[in-house]
Amino acid sequence: MRKTIALLVAVMMSGVSGGVLAAGDATAGKQKSSACVSCHGVDGNGATPLAGKDAAYLAEQLQDFRSGARSNSMMNMMAAKLGDDDIADLAAYYAAQPAR
């Protein structure tokens with residue numbers, strides 16, 4: 001019984017919620033990143049680096065910019081245009097880039 005409860009709790013805490021996005025497509029993310037280049041660089045190693053950061057973290061930040069929970073005039077405007085798939089793809093792309 002304890003193992004069943006522990007398994008149930010583990011599944012519930014694994015991030016199955018409305019705010020969690022499915023794994024993105026890094027190739028699609030690269031294609032969608034052209035608007036990000038001026039601040040984040042071609043490979044995510046720009047003035048505001050994203051390369052190598054955790055995809056879930058990056059997705060959460062973009063969701064927060066999109067919803068207004070996190071405030072930055074440029075990022076709020078950019079994220080407002082993104083759908084859930086766009087966010088997942090961009091997060092996957094930047095997470096896959098090696099940080100320098």
# chains A, B, ... in the order shown; residues from 1 in each chain; ligands from 1

$ residues_around --residues "Ala28 (chain A)" --least-positions-apart "4" --cutoff "10 Å" --atoms "only C-alpha atoms" --output "list of chain:residue names"
A:Gly24, A:Lys32, A:Ser33, A:Asp85, A:Asp86, A:Ala88, A:Asp89, A:Leu90, A:Ala92, A:Tyr93

$ closest_residue --among "A:Lys53, A:Met74, A:Gln63, A:Gly68" --to "Ser38 (chain A)" --atoms "only C-alpha atoms"
A:Met74

$ residues_around --residues "Pro49 (chain A)" --least-positions-apart "4" --cutoff "7 Å" --atoms "only C-alpha atoms" --output "PDB file with N, CA and C atoms, in the first residue's frame"
ATOM      1  N   HIS A  40      19.825  37.542 -27.436  1.00  0.00           N
ATOM      2  CA  HIS A  40      20.244  36.239 -26.928  1.00  0.00           C
ATOM      3  C   HIS A  40      21.292  35.562 -27.801  1.00  0.00           C
ATOM      4  N   GLY A  44      22.284  31.437 -28.511  1.00  0.00           N
ATOM      5  CA  GLY A  44      21.889  31.587 -27.109  1.00  0.00           C
ATOM      6  C   GLY A  44      22.991  32.078 -26.189  1.00  0.00           C
ATOM      7  N   ASN A  45      24.122  32.481 -26.753  1.00  0.00           N
ATOM      8  CA  ASN A  45      25.241  32.962 -25.949  1.00  0.00           C
ATOM      9  C   ASN A  45      25.457  34.459 -26.129  1.00  0.00           C
TER      10      ASN A  45
END

$ atom_distance --atom1 "CA of Glu60 (chain A)" --atom2 "CA of Val42 (chain A)"
21.3 Å

$ residues_around --residues "Arg100 (chain A)" --least-positions-apart "2" --cutoff "9 Å" --atoms "only C-alpha atoms" --output "list of chain:residue names"
A:Asn45, A:Ala51, A:Gly52, A:Pro98

$ residues_around --residues "Asn76 (chain A)" --least-positions-apart "4" --cutoff "8 Å" --atoms "only C-alpha atoms" --output "PyMOL selection string"
chain A and resi 65-68+70-72+80

$ write_last_selection --atoms "C-alpha atoms" --output "JSON list (two decimals), in the first residue's frame"
[["chain", "number", "residue", "atom", "x", "y", "z"],
["A", 65, "PHE", "CA", 6.48, 36.87, -19.71],
["A", 66, "ARG", "CA", 3.48, 35.94, -21.86],
["A", 67, "SER", "CA", 1.04, 36.08, -18.93],
["A", 68, "GLY", "CA", 2.55, 39.24, -17.45],
["A", 70, "ARG", "CA", 7.14, 38.54, -15.12],
["A", 71, "SER", "CA", 7.60, 42.08, -16.38],
["A", 72, "ASN", "CA", 9.95, 43.24, -19.12],
["A", 80, "ALA", "CA", 2.64, 37.54, -26.22]]

$ closest_residue --among "A:Asp84, A:Ala99, A:Leu62, A:Met78" --to "Ser34 (chain A)" --atoms "only C-alpha atoms"
A:Met78

$ closest_residue --among "A:Ala95, A:Met75, A:Leu50, A:Ala56" --to "Ala35 (chain A)" --atoms "only C-alpha atoms"
A:Met75

$ atom_distance --atom1 "CA of Ala26 (chain A)" --atom2 "CA of Gln97 (chain A)"
9.4 Å

$ atom_distance --atom1 "CA of Asp25 (chain A)" --atom2 "CA of Ala69 (chain A)"
25.2 Å
